[in-house]
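Listing of upload_35.cif, mmCIF, C-alpha atoms
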```
data_start
loop_
_atom_site.label_atom_id
_atom_site.label_comp_id
_atom_site.auth_asym_id
_atom_site.auth_seq_id
_atom_site.Cartn_x
_atom_site.Cartn_y
_atom_site.Cartn_z
CA MET A 1 -36.72 17.21 -28.91
CA ASN A 2 -33.76 18.02 -31.17
CA VAL A 3 -31.74 19.14 -28.17
CA PHE A 4 -32.51 15.88 -26.39
CA LEU A 5 -31.52 13.77 -29.41
CA VAL A 6 -28.24 15.62 -29.81
CA ALA A 7 -27.38 15.42 -26.09
CA ALA A 8 -28.31 11.73 -25.84
CA GLY A 9 -26.48 10.87 -29.05
CA GLN A 10 -23.38 12.73 -27.89
CA ALA A 11 -23.43 10.83 -24.59
CA VAL A 12 -23.78 7.46 -26.37
CA LEU A 13 -20.94 8.25 -28.77
CA ALA A 14 -18.75 9.34 -25.86
CA VAL A 15 -19.37 5.98 -24.15
CA ILE A 16 -18.61 4.08 -27.38
CA ILE A 17 -15.40 6.06 -27.91
CA LEU A 18 -14.30 5.37 -24.33
CA PHE A 19 -15.15 1.68 -24.78
CA PHE A 20 -12.96 1.27 -27.86
CA GLY A 21 -10.21 3.38 -26.29
CA PHE A 22 -10.03 1.14 -23.22
CA PHE A 23 -10.42 -1.95 -25.38
CA ALA A 24 -7.44 -0.89 -27.49
CA ALA A 25 -5.36 -0.22 -24.36
CA THR A 26 -6.28 -3.61 -22.85
CA SER A 27 -5.49 -5.42 -26.08
CA LEU A 28 -2.12 -3.68 -26.29
CA SER A 29 -1.27 -4.58 -22.68
CA GLU A 30 -2.11 -8.24 -23.40
CA GLY A 31 0.00 -8.25 -26.54
CA GLN A 32 -3.03 -8.91 -28.74
CA GLY A 33 -1.88 -7.03 -31.83
CA ARG A 34 -4.79 -7.92 -34.10
CA ALA A 35 -7.40 -6.91 -31.54
CA PHE A 36 -5.45 -3.71 -30.82
CA ARG A 37 -5.34 -2.72 -34.49
CA ARG A 38 -9.01 -3.45 -35.03
CA SER A 39 -10.16 -1.60 -31.92
CA LEU A 40 -7.90 1.35 -32.76
CA GLY A 41 -9.32 1.44 -36.28
CA SER A 42 -12.87 1.34 -34.91
CA LEU A 43 -11.98 4.12 -32.48
CA ALA A 44 -10.67 6.29 -35.32
CA LEU A 45 -13.74 5.71 -37.49
CA ILE A 46 -16.23 6.43 -34.70
CA THR A 47 -14.33 9.51 -33.53
CA GLY A 48 -14.22 10.77 -37.12
CA PHE A 49 -17.95 10.16 -37.49
CA ASN A 50 -18.62 12.01 -34.23
CA VAL A 51 -16.60 15.05 -35.33
CA SER A 52 -18.23 15.12 -38.77
CA LEU A 53 -21.71 15.43 -37.25
CA TYR A 54 -20.83 18.86 -35.86
CA PHE A 55 -20.25 20.20 -39.40
CA LEU A 56 -23.73 19.20 -40.60
CA PRO A 57 -26.74 21.54 -40.67
CA GLU A 58 -28.75 21.56 -37.43
CA ARG A 59 -31.51 19.28 -38.73
CA ALA A 60 -29.07 16.77 -40.23
CA GLU A 61 -27.02 16.86 -37.01
CA SER A 62 -30.13 15.97 -34.98
CA LEU A 63 -30.98 13.14 -37.36
CA GLY A 64 -27.41 11.85 -37.14
CA PHE A 65 -27.33 11.78 -33.36
CA GLY A 66 -30.86 10.35 -33.31
CA LEU A 67 -29.72 7.55 -35.60
CA VAL A 68 -26.80 6.82 -33.24
CA LEU A 69 -29.19 6.70 -30.28
CA GLY A 70 -31.65 4.41 -32.08
CA LEU A 71 -29.02 1.98 -33.34
CA SER A 72 -27.38 1.79 -29.91
CA ALA A 73 -30.70 1.10 -28.21
CA ALA A 74 -31.47 -1.64 -30.75
CA GLY A 75 -28.01 -3.10 -30.27
CA LEU A 76 -28.42 -3.27 -26.50
CA PHE A 77 -31.87 -4.80 -26.90
CA PHE A 78 -30.59 -7.61 -29.12
CA PHE A 79 -27.49 -8.08 -26.95
CA PHE A 80 -29.58 -8.81 -23.85
CA LEU A 81 -31.93 -11.01 -25.89
CA SER A 82 -29.08 -12.90 -27.55
CA PRO A 83 -29.62 -16.66 -27.50
CA ARG A 84 -28.30 -18.56 -24.53
CA PRO A 85 -26.01 -21.54 -25.11
CA ARG A 86 -27.89 -24.12 -27.13
CA GLN A 87 -25.43 -26.89 -27.87
CA THR A 88 -23.91 -29.41 -25.51
CA LEU A 89 -21.61 -32.37 -25.97
CA GLU A 90 -23.63 -35.09 -27.66
CA ILE A 91 -23.26 -38.73 -26.68
CA VAL A 92 -25.21 -40.45 -29.41
CA GLY A 93 -24.02 -44.06 -29.31
CA GLN A 94 -22.31 -46.76 -27.33
CA ILE A 95 -18.92 -45.72 -25.94
CA ARG A 96 -16.30 -48.46 -25.85
CA ARG A 97 -13.46 -48.37 -23.36
CA ILE A 98 -10.19 -47.19 -24.91
CA ASP A 99 -7.11 -49.39 -24.73
CA GLU A 100 -4.32 -47.13 -23.43
CA ARG A 101 -1.88 -49.05 -25.62
CA ASP A 102 -3.51 -47.29 -28.59
CA VAL A 103 -2.91 -43.81 -27.15
CA ILE A 104 -0.19 -42.09 -29.18
CA PHE A 105 2.09 -41.49 -26.17
CA ALA A 106 1.98 -45.18 -25.26
CA ARG A 107 2.83 -46.14 -28.84
CA PHE A 108 5.91 -43.96 -28.78
CA ASP A 109 7.03 -45.32 -25.41
CA LEU A 110 7.54 -48.69 -27.08
CA GLN A 111 11.18 -49.58 -27.73
CA GLU A 112 11.82 -50.32 -31.39
CA GLY A 113 12.54 -53.98 -31.93
CA SER A 114 11.20 -55.09 -28.55
CA SER A 115 8.71 -57.96 -28.32
CA ALA A 116 5.99 -55.51 -27.20
CA PHE A 117 6.77 -53.25 -30.19
CA ILE A 118 6.59 -56.12 -32.69
CA ASP A 119 3.45 -57.57 -31.12
CA TYR A 120 1.67 -54.21 -31.02
CA TYR A 121 2.17 -53.31 -34.68
CA ARG A 122 1.29 -56.84 -35.75
CA LYS A 123 -2.08 -56.29 -34.09
CA ARG A 124 -2.40 -52.62 -35.16
CA PRO A 125 -0.84 -52.45 -38.63
CA GLU A 126 -2.84 -49.30 -39.45
CA TYR A 127 -0.49 -47.29 -37.19
CA GLU A 128 2.83 -48.79 -38.32
CA ASN A 129 3.67 -46.59 -41.33
CA LYS A 130 2.51 -43.29 -39.86
CA ASP A 131 4.26 -43.97 -36.55
CA GLY A 132 7.41 -45.03 -38.38
CA ALA A 133 7.51 -41.71 -40.22
CA ILE A 134 7.12 -39.76 -36.98
CA ARG A 135 9.90 -41.75 -35.30
CA LYS A 136 12.34 -40.30 -37.83
CA THR A 137 12.02 -36.91 -36.11
CA PRO A 138 13.84 -36.13 -32.81
CA ASP A 139 11.85 -36.78 -29.66
CA ILE A 140 10.47 -34.00 -27.45
CA LEU A 141 13.17 -32.54 -25.15
CA SER A 142 15.84 -34.60 -26.94
CA VAL A 143 19.43 -33.40 -27.48
CA PRO A 144 18.87 -31.87 -30.96
CA HIS A 145 16.19 -29.61 -29.48
CA GLN A 146 18.11 -28.74 -26.31
CA LYS A 147 20.56 -26.67 -28.33
CA LYS A 148 17.78 -24.16 -29.07
CA ASN A 149 17.51 -23.15 -25.43
CA PRO A 150 19.77 -25.23 -23.14
CA VAL A 151 18.57 -23.61 -19.91
CA LEU A 152 14.81 -23.96 -20.42
CA PHE A 153 14.98 -27.42 -21.98
CA ALA A 154 17.12 -28.59 -19.06
CA LEU A 155 14.58 -27.17 -16.61
CA ALA A 156 11.67 -28.88 -18.39
CA ALA A 157 13.53 -32.20 -18.44
CA ALA A 158 14.23 -31.88 -14.71
CA GLU A 159 10.53 -31.29 -14.03
CA PHE A 160 9.45 -34.36 -15.98
CA ASP A 161 12.18 -36.52 -14.40
CA PHE A 162 10.96 -35.39 -10.97
CA LEU A 163 7.62 -37.05 -11.69
CA ASP A 164 8.98 -40.57 -12.24
CA PRO A 165 9.72 -41.44 -8.57
CA LEU A 166 6.26 -40.16 -7.60
CA LEU A 167 4.60 -43.04 -9.45
CA SER A 168 5.21 -45.23 -6.41
CA ARG A 169 3.20 -42.80 -4.25
CA THR A 170 -0.03 -42.85 -6.24
CA LYS A 171 -1.70 -45.78 -4.48
CA GLY A 172 -1.56 -47.80 -1.29
CA GLU A 173 -3.60 -49.67 1.27
CA ALA A 174 -6.44 -47.86 3.01
CA SER A 175 -6.19 -47.45 6.76
CA PRO A 176 -8.46 -49.65 8.89
CA GLU A 177 -9.67 -46.51 10.65
CA SER A 178 -13.44 -46.04 10.80
CA PRO A 179 -15.20 -43.47 8.55
CA ILE A 180 -15.34 -39.87 9.80
CA GLY A 181 -19.14 -39.84 9.96
CA LEU A 182 -19.93 -36.93 7.64
CA SER A 183 -22.71 -36.89 5.06
CA PRO A 184 -21.86 -37.22 1.32
CA GLY A 185 -22.52 -33.50 0.92
CA GLN A 186 -20.16 -32.62 3.76
CA ASN A 187 -17.56 -35.00 2.34
CA SER A 188 -17.75 -33.24 -1.02
CA ALA A 189 -17.31 -29.81 0.56
CA LEU A 190 -14.39 -31.11 2.63
CA VAL A 191 -12.58 -32.57 -0.39
CA LYS A 192 -13.08 -29.44 -2.48
CA ASP A 193 -11.79 -27.22 0.32
CA ILE A 194 -8.70 -29.38 0.73
CA VAL A 195 -7.99 -29.54 -3.01
CA ARG A 196 -8.20 -25.76 -3.31
CA TYR A 197 -6.10 -25.32 -0.17
CA LEU A 198 -3.43 -27.52 -1.72
CA GLY A 199 -3.27 -25.20 -4.71
CA ALA A 200 -5.89 -26.18 -7.27
CA ASP A 201 -7.95 -23.49 -8.97
CA ASP A 202 -11.17 -25.44 -9.31
CA CYS A 203 -12.51 -28.83 -8.29
CA GLY A 204 -15.45 -31.01 -9.27
CA ILE A 205 -16.70 -34.47 -8.37
CA ALA A 206 -18.22 -37.07 -10.68
CA ARG A 207 -19.45 -40.60 -10.34
CA LEU A 208 -16.73 -42.55 -12.12
CA ASN A 209 -18.04 -43.53 -15.53
CA PRO A 210 -16.64 -46.97 -16.52
CA ASP A 211 -16.66 -45.85 -20.18
CA PHE A 212 -13.84 -43.43 -19.36
CA ILE A 213 -11.57 -45.98 -17.69
CA TYR A 214 -8.86 -47.41 -19.94
CA SER A 215 -9.28 -51.11 -20.67
CA HIS A 216 -5.57 -52.05 -20.53
CA VAL A 217 -2.35 -50.47 -19.24
CA GLY A 218 -0.27 -48.76 -21.92
CA ARG A 219 2.06 -46.71 -19.70
CA GLY A 220 3.01 -46.52 -16.07
CA PRO A 221 4.31 -48.69 -13.26
CA GLU A 222 1.86 -51.57 -13.82
CA PRO A 223 2.87 -54.25 -16.34
CA TYR A 224 2.21 -53.28 -19.95
CA GLY A 225 -1.01 -54.78 -21.27
CA THR A 226 -2.51 -55.55 -17.85
CA GLU A 227 -6.31 -55.42 -17.86
CA ILE A 228 -7.63 -52.49 -15.82
CA VAL A 229 -10.48 -53.51 -13.54
CA PRO A 230 -12.68 -50.60 -12.35
CA GLU A 231 -12.24 -50.30 -8.59
CA HIS A 232 -13.64 -46.95 -7.48
CA ARG A 233 -17.01 -45.23 -7.57
CA PHE A 234 -16.05 -41.55 -7.60
CA ALA A 235 -13.58 -39.22 -9.28
CA VAL A 236 -12.25 -35.94 -7.88
CA ALA A 237 -11.13 -33.76 -10.80
CA PHE A 238 -9.30 -30.45 -10.46
CA THR A 239 -7.54 -27.83 -12.54
CA VAL A 240 -4.33 -25.85 -12.12
CA GLU A 241 -3.88 -22.67 -14.14
CA MET A 242 -1.00 -22.30 -16.58
CA ASP A 243 0.80 -18.95 -16.59
CA THR A 244 -0.46 -16.62 -19.34
CA ALA A 245 2.95 -15.32 -20.41
CA MET A 246 4.50 -18.79 -20.54
CA VAL A 247 1.66 -20.13 -22.70
CA ALA A 248 1.86 -17.05 -24.94
CA ALA A 249 5.41 -18.12 -25.87
CA ALA A 250 4.04 -21.26 -27.57
CA PRO A 251 5.39 -23.26 -29.33
CA ASP A 252 8.80 -22.34 -27.93
CA ALA A 253 10.60 -23.67 -24.83
CA PRO A 254 8.76 -21.69 -22.10
CA VAL A 255 5.51 -23.54 -22.74
CA ILE A 256 6.93 -27.00 -21.99
CA VAL A 257 8.60 -25.62 -18.86
CA GLU A 258 5.17 -24.44 -17.72
CA THR A 259 3.58 -27.76 -18.66
CA GLY A 260 6.14 -29.64 -16.58
CA LYS A 261 5.67 -27.31 -13.64
CA LYS A 262 1.88 -27.75 -13.65
CA TYR A 263 2.14 -31.52 -13.98
CA VAL A 264 4.33 -31.48 -10.87
CA GLU A 265 1.78 -29.30 -9.03
CA ALA A 266 -1.13 -31.52 -10.10
CA ALA A 267 0.79 -34.64 -9.03
CA ARG A 268 1.54 -33.14 -5.61
CA ILE A 269 -2.11 -32.27 -5.02
CA ALA A 270 -3.39 -35.64 -6.23
CA ILE A 271 -0.89 -37.70 -4.22
CA VAL A 272 -1.57 -35.80 -1.00
CA LEU A 273 -5.35 -36.01 -1.49
CA ALA A 274 -5.24 -39.75 -2.22
CA ASP A 275 -3.04 -40.38 0.85
CA PHE A 276 -5.42 -38.27 2.96
CA LEU A 277 -8.45 -40.31 1.83
CA ARG A 278 -6.66 -43.61 2.47
CA ARG A 279 -5.81 -42.45 5.99
CA LEU A 280 -9.54 -41.91 6.54
CA GLY A 281 -10.13 -45.55 5.63
CA TYR A 282 -11.14 -45.26 1.95
CA PRO A 283 -9.30 -46.66 -1.07
CA ALA A 284 -7.97 -43.92 -3.36
CA ARG A 285 -5.59 -43.61 -6.28
CA ALA A 286 -3.86 -40.55 -7.72
CA HIS A 287 -3.63 -40.36 -11.51
CA ILE A 288 -0.58 -38.32 -12.50
CA ALA A 289 1.61 -37.53 -15.48
CA GLY A 290 4.70 -39.59 -15.85
CA SER A 291 2.53 -41.58 -16.55
CA ASN A 292 0.09 -43.67 -14.52
CA TYR A 293 -3.28 -42.55 -15.85
CA GLN A 294 -5.84 -45.32 -15.75
CA VAL A 295 -8.71 -42.98 -16.54
CA MET A 296 -9.37 -40.40 -19.25
CA LEU A 297 -9.16 -37.06 -17.46
CA PRO A 298 -10.88 -34.62 -19.91
CA PRO A 299 -14.28 -36.38 -20.23
CA ILE A 300 -14.40 -37.10 -16.50
CA ALA A 301 -13.56 -33.45 -15.74
CA TRP A 302 -16.41 -32.52 -18.09
CA GLU A 303 -18.81 -34.77 -16.16
CA ALA A 304 -17.52 -33.17 -12.93
CA GLY A 305 -18.58 -29.73 -14.20
CA LEU A 306 -15.14 -28.16 -14.72
CA GLY A 307 -15.66 -27.18 -18.35
CA GLU A 308 -16.68 -28.25 -21.83
CA MET A 309 -14.79 -30.04 -24.58
CA GLY A 310 -13.75 -27.53 -27.25
CA ARG A 311 -12.79 -27.63 -30.90
CA LEU A 312 -9.10 -27.97 -29.98
CA GLY A 313 -9.76 -31.36 -28.36
CA VAL A 314 -9.19 -30.44 -24.70
CA LEU A 315 -11.30 -29.20 -21.81
CA VAL A 316 -12.14 -25.48 -21.93
CA THR A 317 -12.90 -24.00 -18.51
CA PRO A 318 -15.06 -20.90 -17.90
CA LYS A 319 -12.30 -18.87 -16.21
CA TYR A 320 -9.03 -19.94 -17.82
CA GLY A 321 -10.23 -21.56 -21.04
CA PRO A 322 -7.94 -24.42 -22.09
CA ARG A 323 -5.01 -22.79 -20.22
CA THR A 324 -5.08 -25.39 -17.43
CA ARG A 325 -3.73 -28.82 -16.58
CA LEU A 326 -5.93 -31.48 -15.05
CA GLY A 327 -5.41 -33.67 -12.03
CA MET A 328 -7.52 -36.52 -10.67
CA VAL A 329 -8.04 -38.91 -7.79
CA THR A 330 -10.41 -41.86 -7.93
CA THR A 331 -11.83 -43.17 -4.66
CA ASP A 332 -14.70 -44.83 -2.82
CA PHE A 333 -15.03 -41.92 -0.39
CA PRO A 334 -18.82 -41.26 -0.50
CA MET A 335 -19.55 -37.82 -1.98
CA GLU A 336 -22.26 -35.82 -3.69
CA THR A 337 -21.47 -35.35 -7.36
CA ASP A 338 -21.58 -32.37 -9.68
CA GLY A 339 -22.94 -32.37 -13.22
CA PRO A 340 -21.75 -31.15 -16.61
CA VAL A 341 -21.91 -27.41 -17.28
CA MET A 342 -22.94 -25.65 -20.47
CA PHE A 343 -21.61 -22.12 -20.88
CA GLY A 344 -21.52 -21.77 -24.65
CA ILE A 345 -18.30 -23.45 -25.77
CA GLN A 346 -19.99 -25.64 -28.38
CA ASP A 347 -21.73 -22.61 -29.91
CA PHE A 348 -18.62 -20.41 -29.65
CA CYS A 349 -16.21 -22.99 -31.09
CA SER A 350 -18.50 -23.61 -34.04
CA ARG A 351 -17.91 -19.98 -35.14
CA CYS A 352 -14.52 -18.95 -33.76
CA LEU A 353 -12.02 -21.24 -35.58
CA LYS A 354 -8.95 -19.40 -34.20
CA CYS A 355 -7.33 -22.62 -32.98
CA ALA A 356 -7.94 -24.36 -36.32
CA HIS A 357 -6.60 -21.45 -38.37
CA ASN A 358 -3.52 -21.00 -36.16
CA CYS A 359 -2.62 -24.66 -35.62
CA PRO A 360 0.86 -25.03 -37.17
CA ALA A 361 0.27 -28.74 -37.75
CA ARG A 362 -3.18 -28.25 -39.31
CA ALA A 363 -4.36 -30.92 -36.89
CA ILE A 364 -7.50 -29.15 -35.64
CA PRO A 365 -10.55 -29.47 -37.90
CA ALA A 366 -12.09 -26.29 -39.27
CA GLY A 367 -15.26 -28.09 -40.29
CA ASP A 368 -18.14 -29.78 -38.53
CA LYS A 369 -18.01 -32.31 -35.73
CA SER A 370 -17.43 -35.99 -36.35
CA LEU A 371 -18.79 -39.07 -34.62
CA GLU A 372 -16.03 -40.92 -32.76
CA ASN A 373 -16.65 -43.70 -30.28
CA GLY A 374 -20.25 -42.69 -29.64
CA VAL A 375 -19.50 -38.97 -29.12
CA ARG A 376 -20.18 -36.20 -31.65
CA ARG A 377 -17.28 -33.76 -31.33
CA TRP A 378 -14.38 -32.14 -33.12
CA VAL A 379 -11.71 -34.79 -33.60
CA ILE A 380 -8.12 -33.62 -33.94
CA ASP A 381 -5.55 -35.42 -36.08
CA ARG A 382 -3.46 -36.81 -33.23
CA GLU A 383 -0.58 -37.98 -35.42
CA ARG A 384 -0.18 -34.59 -37.08
CA CYS A 385 -0.32 -32.88 -33.70
CA TYR A 386 2.27 -35.16 -32.12
CA GLU A 387 4.56 -35.03 -35.14
CA PHE A 388 4.72 -31.24 -34.80
CA TRP A 389 5.52 -31.64 -31.09
CA ARG A 390 8.53 -33.70 -32.05
CA ARG A 391 9.59 -31.28 -34.76
CA THR A 392 9.50 -28.31 -32.39
CA GLY A 393 10.71 -30.20 -29.29
CA THR A 394 7.85 -28.96 -27.06
CA ASP A 395 4.17 -29.73 -26.54
CA CYS A 396 3.32 -26.82 -28.91
CA ALA A 397 0.22 -25.30 -27.17
CA VAL A 398 -0.39 -22.71 -29.89
CA CYS A 399 -4.09 -23.60 -29.71
CA LEU A 400 -4.09 -22.84 -25.97
CA ALA A 401 -2.39 -19.49 -26.56
CA VAL A 402 -4.77 -18.23 -29.27
CA CYS A 403 -8.04 -19.40 -27.68
CA PRO A 404 -10.07 -16.30 -26.66
CA TYR A 405 -11.05 -18.07 -23.43
CA SER A 406 -7.36 -18.18 -22.44
CA HIS A 407 -7.23 -14.41 -22.06
CA PRO A 408 -6.80 -13.18 -18.48
CA GLU A 409 -9.83 -11.77 -16.71
CA ASN A 410 -10.55 -8.14 -17.60
CA PRO A 411 -13.70 -5.97 -17.94
CA PHE A 412 -14.07 -6.99 -21.58
#
```

With the file now loaded, output its structure as structure tokens.
Amino acid sequence: MNVFLVAAGQAVLAVIILFFGFFAATSLSEGQGRAFRRSLGSLALITGFNVSLYFLPERAESLGFGLVLGLSAAGLFFFFLSPRPRQTLEIVGQIRRIDERDVIFARFDLQEGSSAFIDYYRKRPEYENKDGAIRKTPDILSVPHQKKNPVLFALAAAEFDFLDPLLSRTKGEASPESPIGLSPGQNSALVKDIVRYLGADDCGIARLNPDFIYSHVGRGPEPYGTEIVPEHRFAVAFTVEMDTAMVAAAPDAPVIVETGKKYVEAARIAIVLADFLRRLGYPARAHIAGSNYQVMLPPIAWEAGLGEMGRLGVLVTPKYGPRTRLGMVTTDFPMETDGPVMFGIQDFCSRCLKCAHNCPARAIPAGDKSLENGVRRWVIDRERCYEFWRRTGTDCAVCLAVCPYSHPENPF
């Protein structure tokens, strides 16, 4: 019996030592210094404990290795019985449609002194002082910031400028051609295959929830303040992955270069898909950065099953975490829809807090969820977040970089 305990305990300790050794190497290769130091420290402690057992009397050595075996077995038992995800996004009240004119980006598109500017702040005086303070800082990608890295800031500006002419390609008349005669399920499979072929990483389909359609135009080619009338029944949502190394450079210039690149990719996919659906005889509209969004992409992507809303205020996907950009097409093309997924983000975010602790603007709450517009969720301080964007000249993305779900796929 003693021989068995010693042999089994030695084998378990060898596996644990190998685990922490590979974990340390993986953390080092990913540039995760804190994880590397902790795993290396654990490796040293466990290796030291393993060596010390050999200097104990035979009976104490057997007890030591037996203790290792028992604790490891108990640990595995509780690991496999660990609770499954329990929390989901809670919609607990009536959701009102958001006026896009109130979105912070639309507010800062207003020209100071214009009639729209004066009229807006007369109706929304609660934003006037805080927005006025933010306007004193240089805008994102503006000349004062370009001096920090002329090459990368010029590239990012070129990417965003490339989007502007695409706004005219987002909608059009549907062809009079007859439908292709497939079932809704076949239509869904066809659309998903095409979206992935065009370069998206994941795709989901939702019935378009009117609550997530803006009430009035705040940005884009349509006249400012125009009422948005829901036109389509379905939404095709998709994700494009952001490069790990570029996001890891947050909040410096590489991250906004990557943001611009992915917005261009998402726009290309959405415009081609919308044109394809119109050629089949169905109305369709691409919603792209630049900006012509008439729908709120994150909650619709959640309803389409692409991820869950996290503490940092954006969609967190199972594979890439928040390290994605979203694209969307709304249409009447008849399709089968997906449903929301629950893979533990609400439970994980309630304990992790890395994004809140690392947010340079202190815009991400470290406390409990709040109730906003009928949804119980973590609500970020949008003004603080955007003000830091303007101070650094990029879209920051520190929260994306530090989120554990942003790590590349590996055995751990």

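Considering only C-alpha atoms, the residue among A:Val375, A:Val316, A:Leu13, A:Met309 positioned nearest to Phe65 of chain A is A:Leu13.
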
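All residues of protein, DNA or RNA that reach within 6 Å of Ala174 of chain A, judged by only C-alpha atoms and not counting those fewer than 3 positions away in the chain, are Arg278, Gly281, Tyr282 and Pro283 of chain A.
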
Evaluate the PyMOL selection byres ((chain A and resi 165) around 12) and report residues as a ChimeraX atom specification: /A:159-164,166-170,220-221,264,267,288-292

Distance query 10 Å from (-17.0, -38.2, -9.3) using only C-alpha atoms, result as a PyMOL selection string: chain A and resi 188+204-209+232-237+300-301+303-305+328-339

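Across the model, the gap from atom CA of Val240 of chain A to atom CA of Gly260 of chain A is 12.0 Å.
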
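Atom CA of Pro411 of chain A sits 27.4 Å away from atom CA of Leu67 of chain A.
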
All residues 8 Å or closer to segment 352-369 of chain A, only C-alpha atoms, same chain fewer than 6 positions away omitted, as a list in words: Arg311, Leu312, Gly313, Arg376, Arg377, Trp378, Val379, Ile380, Asp381, Arg382, Arg384, Cys385, Phe388, Val398, Cys399, Leu400, Val402 and Cys403 of chain A

Could you write out the selected residues, including C-alpha atoms, as a CSV table (one decimal), keeping the file's coordinate frame?
```csv
chain,number,residue,atom,x,y,z
A,311,ARG,CA,-12.8,-27.6,-30.9
A,312,LEU,CA,-9.1,-28.0,-30.0
A,313,GLY,CA,-9.8,-31.4,-28.4
A,376,ARG,CA,-20.2,-36.2,-31.6
A,377,ARG,CA,-17.3,-33.8,-31.3
A,378,TRP,CA,-14.4,-32.1,-33.1
A,379,VAL,CA,-11.7,-34.8,-33.6
A,380,ILE,CA,-8.1,-33.6,-33.9
A,381,ASP,CA,-5.6,-35.4,-36.1
A,382,ARG,CA,-3.5,-36.8,-33.2
A,384,ARG,CA,-0.2,-34.6,-37.1
A,385,CYS,CA,-0.3,-32.9,-33.7
A,388,PHE,CA,4.7,-31.2,-34.8
A,398,VAL,CA,-0.4,-22.7,-29.9
A,399,CYS,CA,-4.1,-23.6,-29.7
A,400,LEU,CA,-4.1,-22.8,-26.0
A,402,VAL,CA,-4.8,-18.2,-29.3
A,403,CYS,CA,-8.0,-19.4,-27.7
```

Resolved residues for the PyMOL selection byres ((chain A and resi 216) around 10) as a ChimeraX atom specification: /A:97-102,213-215,217-219,223-229,294

Box for segment 75-94 of chain A - axis-aligned, 8 Å on each of the six sides, all listed atoms - centre and size in Å to one decimal, as AutoDock Vina command-line options.
```
--center_x -26.8 --center_y -24.9 --center_z -27.1 --size_x 26.3 --size_y 59.7 --size_z 22.4
```

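Put simply, atom CA of Ala24 of chain A is 29.1 Å away from atom CA of Leu63 of chain A.
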
Shortest interatomic distance to Pro150 of chain A - which of A:Ala270, A:Val257, A:Leu45, A:Leu69, counting all atoms listed in the file: A:Val257

Selection result for the PyMOL selection byres ((chain A and resi 42) around 12) on this file, as a PyMOL selection string: chain A and resi 16-21+23-24+35-41+43-49

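Taking only C-alpha atoms into account, Pro138 of chain A lies nearest to A:Phe108 out of the set A:Phe22, A:Leu277, A:Ile118, A:Phe108.
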
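Take the candidates A:Leu326, A:Val51, A:Ala401, A:Leu110 and check each one against Trp302 of chain A using all atoms listed in the file; the shortest distance goes to A:Leu326.
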
Near-Leu273 of chain A list (8 Å; only C-alpha atoms; drop same-chain fewer than 5 positions) as number ranges by chain: A: 194-195, 286, 329

Polymer residues at most 7 Å from segment 243-253 of chain A, all atoms listed in the file, same-chain spacing of 5 or more positions, as a ChimeraX atom specification: /A:149,152-153,258,394,396-398,401

Segment 261-272 of chain A from the block above, N, CA and C atoms, as a tab-separated table (two decimals), in the first residue's frame, please?
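The resulting file, out.tsv, is shown below:
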```
chain	number	residue	atom	x	y	z
A	261	LYS	N	-8.92	48.80	-39.79
A	261	LYS	CA	-8.84	47.69	-40.74
A	261	LYS	C	-10.05	46.77	-40.63
A	262	LYS	N	-10.45	46.45	-39.40
A	262	LYS	CA	-11.58	45.53	-39.20
A	262	LYS	C	-12.91	46.18	-39.55
A	263	TYR	N	-13.02	47.49	-39.34
A	263	TYR	CA	-14.23	48.18	-39.80
A	263	TYR	C	-14.34	48.10	-41.32
A	264	VAL	N	-13.21	48.24	-42.00
A	264	VAL	CA	-13.22	48.13	-43.46
A	264	VAL	C	-13.63	46.72	-43.89
A	265	GLU	N	-13.08	45.70	-43.21
A	265	GLU	CA	-13.43	44.32	-43.55
A	265	GLU	C	-14.91	44.05	-43.29
A	266	ALA	N	-15.41	44.52	-42.14
A	266	ALA	CA	-16.82	44.31	-41.82
A	266	ALA	C	-17.72	45.02	-42.82
A	267	ALA	N	-17.33	46.24	-43.23
A	267	ALA	CA	-18.12	46.98	-44.22
A	267	ALA	C	-18.15	46.24	-45.55
A	268	ARG	N	-17.00	45.71	-45.97
A	268	ARG	CA	-16.95	44.97	-47.25
A	268	ARG	C	-17.89	43.77	-47.21
A	269	ILE	N	-17.83	43.01	-46.13
A	269	ILE	CA	-18.69	41.82	-46.02
A	269	ILE	C	-20.16	42.22	-46.01
A	270	ALA	N	-20.50	43.24	-45.23
A	270	ALA	CA	-21.90	43.63	-45.10
A	270	ALA	C	-22.45	44.19	-46.42
A	271	ILE	N	-21.67	45.00	-47.11
A	271	ILE	CA	-22.14	45.59	-48.37
A	271	ILE	C	-22.34	44.52	-49.43
A	272	VAL	N	-21.41	43.59	-49.53
A	272	VAL	CA	-21.55	42.51	-50.52
A	272	VAL	C	-22.75	41.63	-50.19
```
